[in-house]
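Take a look at the structure set out below.
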Amino acid sequence: MNINSSSSGEDIAELALAIHELVNRLPLTMRSKTQPGVRIEEGNIMDYNYTGPTLELVLEEGKISHQVPQTGPYQGTPVVVVPIFEAGELIAAVGVVDITQGIYSDIIEITKRPEEIKKPKGE
C-alpha cells in the first residue's frame, strides 16, 4: 500500500477500514491532501469522494483538531481529526466521529491510571 498526498478514496479505503475497526467502528473519515477520500460507517464505505470542514482545516494547518462541525453529515457531533505526515510532508488527514457525543472521550479520561492524570497532555 502506497499512500501519498494525491491518493484517491479508493487508494486509502483499506487503511481507513482498518482504522475504523480499531476504533470500534466509530464513523471515520479520511482524505489525502489533494484528493477527496472516504466516509465510513458501521463497516461500510458510504462515500469514496468525501471531504469535510475539519479534514480540510487539518490539511491546511497540519495540527490535530477537536471540533464540533457546524456543517456536513456530522454537524453537531464532536470529531477528532489528525494529520498524517510522511518524511515531514503533510499527506493526509483521518478523523473519528464521536457519536457518543463526548462520552467516548470522557471514558478515556475517567479510566486513566492515577499516575497518568498528573501528567500534562503531550508528555
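Every chain in the C-alpha cells has a letter given in the order shown (A, B, ...), and although residue numbers restart at 1 in each chain, ligands are simply numbered from 1 in the order shown.
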
Residue list (strand (DSSP E), DSSP) for region 18-101 of chain A, as a ChimeraX atom specification: /A:28-32,37-41,44-50,65-67,79-86,89-97

Within 7 Å of region 33-40 of chain A using only C-alpha atoms, minus same-chain residues under 3 positions, as a PyMOL selection string: chain A and resi 5-9+13+27-30+43-51+59+91-92

Let's have the selection written as a JSON list (two decimals), in the first residue's frame, with C-alpha atoms.
```json
[["chain", "number", "residue", "atom", "x", "y", "z"],
["A", 5, "SER", "CA", -0.70, 13.41, -0.94],
["A", 6, "SER", "CA", -2.67, 12.62, -4.11],
["A", 7, "SER", "CA", -4.16, 9.25, -3.12],
["A", 8, "SER", "CA", -7.82, 8.81, -4.03],
["A", 9, "GLY", "CA", -10.63, 7.48, -1.87],
["A", 13, "ALA", "CA", -10.04, 2.74, 1.59],
["A", 27, "PRO", "CA", -17.68, 6.69, 11.96],
["A", 28, "LEU", "CA", -14.41, 7.57, 10.25],
["A", 29, "THR", "CA", -13.37, 9.95, 7.50],
["A", 30, "MET", "CA", -10.05, 10.12, 5.68],
["A", 43, "GLY", "CA", -18.09, -1.20, 8.39],
["A", 44, "ASN", "CA", -19.36, 0.23, 5.10],
["A", 45, "ILE", "CA", -17.81, 2.83, 2.84],
["A", 46, "MET", "CA", -20.56, 5.39, 2.40],
["A", 47, "ASP", "CA", -18.64, 7.72, 0.09],
["A", 48, "TYR", "CA", -15.41, 7.49, -1.95],
["A", 49, "ASN", "CA", -15.41, 11.21, -2.73],
["A", 50, "TYR", "CA", -15.70, 12.72, 0.75],
["A", 51, "THR", "CA", -14.27, 15.80, 2.36],
["A", 59, "LEU", "CA", -4.86, 19.70, 5.96],
["A", 91, "ILE", "CA", -0.04, 13.92, 3.04],
["A", 92, "ALA", "CA", -3.46, 13.17, 4.53]]
```

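Interatomic distance, CA of Gly76 (chain A) to CA of Asp11 (chain A): 29.1 Å.
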
Expected answer as an NGL selection string: alpha helix (DSSP H) residues in chain A: :A and (9-22 or 53-61 or 103-110 or 114-117)

Can I get the selected residues back with N, CA and C atoms, as an mmCIF file, in the first residue's frame?
```
data_model
loop_
_atom_site.group_PDB
_atom_site.id
_atom_site.type_symbol
_atom_site.label_atom_id
_atom_site.label_comp_id
_atom_site.auth_asym_id
_atom_site.auth_seq_id
_atom_site.Cartn_x
_atom_site.Cartn_y
_atom_site.Cartn_z
ATOM 1 N N GLY A 9 -9.828 8.219 -2.846
ATOM 2 C CA GLY A 9 -10.626 7.481 -1.868
ATOM 3 C C GLY A 9 -10.436 5.980 -2.001
ATOM 4 N N GLU A 10 -10.369 5.509 -3.229
ATOM 5 C CA GLU A 10 -10.152 4.084 -3.464
ATOM 6 C C GLU A 10 -8.777 3.643 -2.954
ATOM 7 N N ASP A 11 -7.771 4.509 -3.115
ATOM 8 C CA ASP A 11 -6.409 4.179 -2.674
ATOM 9 C C ASP A 11 -6.301 4.040 -1.155
ATOM 10 N N ILE A 12 -7.046 4.846 -0.424
ATOM 11 C CA ILE A 12 -6.917 4.854 1.040
ATOM 12 C C ILE A 12 -7.974 4.017 1.746
ATOM 13 N N ALA A 13 -8.893 3.440 0.991
ATOM 14 C CA ALA A 13 -10.036 2.740 1.586
ATOM 15 C C ALA A 13 -9.639 1.620 2.540
ATOM 16 N N GLU A 14 -8.699 0.772 2.168
ATOM 17 C CA GLU A 14 -8.336 -0.366 3.021
ATOM 18 C C GLU A 14 -7.727 0.088 4.345
ATOM 19 N N LEU A 15 -6.850 1.086 4.305
ATOM 20 C CA LEU A 15 -6.271 1.607 5.548
ATOM 21 C C LEU A 15 -7.360 2.241 6.412
ATOM 22 N N ALA A 16 -8.230 3.009 5.792
ATOM 23 C CA ALA A 16 -9.314 3.656 6.539
ATOM 24 C C ALA A 16 -10.231 2.624 7.187
ATOM 25 N N LEU A 17 -10.542 1.559 6.476
ATOM 26 C CA LEU A 17 -11.381 0.497 7.051
ATOM 27 C C LEU A 17 -10.694 -0.165 8.250
ATOM 28 N N ALA A 18 -9.393 -0.370 8.167
ATOM 29 C CA ALA A 18 -8.653 -0.970 9.291
ATOM 30 C C ALA A 18 -8.706 -0.064 10.520
ATOM 31 N N ILE A 19 -8.514 1.230 10.314
ATOM 32 C CA ILE A 19 -8.585 2.177 11.439
ATOM 33 C C ILE A 19 -10.000 2.203 12.004
ATOM 34 N N HIS A 20 -10.992 2.169 11.134
ATOM 35 C CA HIS A 20 -12.406 2.146 11.538
ATOM 36 C C HIS A 20 -12.667 0.977 12.493
ATOM 37 N N GLU A 21 -12.133 -0.184 12.180
ATOM 38 C CA GLU A 21 -12.295 -1.346 13.064
ATOM 39 C C GLU A 21 -11.559 -1.144 14.383
ATOM 40 N N LEU A 22 -10.368 -0.527 14.347
ATOM 41 C CA LEU A 22 -9.598 -0.290 15.576
ATOM 42 C C LEU A 22 -10.323 0.617 16.559
ATOM 43 N N PRO A 53 -15.292 19.816 6.628
ATOM 44 C CA PRO A 53 -14.654 21.051 7.081
ATOM 45 C C PRO A 53 -13.470 20.827 8.022
ATOM 46 N N THR A 54 -13.556 19.844 8.892
ATOM 47 C CA THR A 54 -12.455 19.633 9.833
ATOM 48 C C THR A 54 -11.292 18.926 9.147
ATOM 49 N N LEU A 55 -11.566 18.006 8.233
ATOM 50 C CA LEU A 55 -10.483 17.403 7.439
ATOM 51 C C LEU A 55 -9.719 18.504 6.696
ATOM 52 N N GLU A 56 -10.455 19.411 6.076
ATOM 53 C CA GLU A 56 -9.825 20.486 5.315
ATOM 54 C C GLU A 56 -9.021 21.422 6.210
ATOM 55 N N LEU A 57 -9.539 21.720 7.396
ATOM 56 C CA LEU A 57 -8.814 22.568 8.343
ATOM 57 C C LEU A 57 -7.488 21.924 8.748
ATOM 58 N N VAL A 58 -7.524 20.639 9.066
ATOM 59 C CA VAL A 58 -6.305 19.933 9.476
ATOM 60 C C VAL A 58 -5.303 19.888 8.320
ATOM 61 N N LEU A 59 -5.770 19.698 7.106
ATOM 62 C CA LEU A 59 -4.864 19.696 5.958
ATOM 63 C C LEU A 59 -4.267 21.077 5.707
ATOM 64 N N GLU A 60 -4.979 22.104 6.096
ATOM 65 C CA GLU A 60 -4.472 23.471 5.950
ATOM 66 C C GLU A 60 -3.469 23.818 7.051
ATOM 67 N N GLU A 61 -3.798 23.446 8.311
ATOM 68 C CA GLU A 61 -2.975 23.839 9.453
ATOM 69 C C GLU A 61 -1.925 22.811 9.866
ATOM 70 N N ILE A 103 -18.949 11.129 25.244
ATOM 71 C CA ILE A 103 -18.790 10.094 26.266
ATOM 72 C C ILE A 103 -17.543 9.271 25.992
ATOM 73 N N TYR A 104 -17.261 8.967 24.720
ATOM 74 C CA TYR A 104 -16.068 8.201 24.336
ATOM 75 C C TYR A 104 -14.811 8.889 24.875
ATOM 76 N N SER A 105 -14.713 10.195 24.656
ATOM 77 C CA SER A 105 -13.558 10.950 25.142
ATOM 78 C C SER A 105 -13.534 11.007 26.665
ATOM 79 N N ASP A 106 -14.702 11.169 27.274
ATOM 80 C CA ASP A 106 -14.784 11.218 28.731
ATOM 81 C C ASP A 106 -14.333 9.903 29.357
ATOM 82 N N ILE A 107 -14.717 8.788 28.773
ATOM 83 C CA ILE A 107 -14.324 7.481 29.312
ATOM 84 C C ILE A 107 -12.813 7.335 29.310
ATOM 85 N N ILE A 108 -12.160 7.798 28.275
ATOM 86 C CA ILE A 108 -10.699 7.724 28.215
ATOM 87 C C ILE A 108 -10.104 8.506 29.382
ATOM 88 N N GLU A 109 -10.627 9.683 29.672
ATOM 89 C CA GLU A 109 -10.132 10.482 30.799
ATOM 90 C C GLU A 109 -10.433 9.813 32.142
ATOM 91 N N ILE A 110 -11.646 9.289 32.291
ATOM 92 C CA ILE A 110 -12.073 8.677 33.551
ATOM 93 C C ILE A 110 -11.257 7.433 33.876
ATOM 94 N N PRO A 114 -3.952 6.670 37.979
ATOM 95 C CA PRO A 114 -3.633 7.881 38.754
ATOM 96 C C PRO A 114 -2.342 8.570 38.319
ATOM 97 N N GLU A 115 -1.312 7.806 37.992
ATOM 98 C CA GLU A 115 -0.050 8.441 37.581
ATOM 99 C C GLU A 115 -0.169 9.162 36.233
ATOM 100 N N GLU A 116 -1.120 8.758 35.397
ATOM 101 C CA GLU A 116 -1.327 9.425 34.110
ATOM 102 C C GLU A 116 -2.089 10.732 34.283
ATOM 103 N N ILE A 117 -2.917 10.834 35.279
ATOM 104 C CA ILE A 117 -3.736 12.028 35.488
ATOM 105 C C ILE A 117 -2.860 13.228 35.832
#
```

Counting only C-alpha atoms, the option among A:Glu41, A:Gly52, A:Ile3, A:Gly95 closest to Gln70 (chain A): A:Gly52

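If you look at CA of Asn4 (chain A) and CA of Ser32 (chain A), they are 7.0 Å away from each other.
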
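Checking A:Met1, A:Val97, A:Ile64, A:Glu42 one by one against Val79 (chain A), counting only C-alpha atoms, you find the shortest gap at A:Val97.
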
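Here CA of Ser65 (chain A) is placed at a distance of 21.2 Å from CA of Ala87 (chain A).
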
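Distances from A:Val94, A:Pro78, A:Gly88, A:Arg25 to His66 (chain A) were compared using only C-alpha atoms, and the smallest one belongs to A:Pro78.
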
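If you measure from each of A:Val23, A:Val82, A:Arg31, A:Asn2 to Ile99 (chain A) using only C-alpha atoms, the closest one turns out to be A:Val23.
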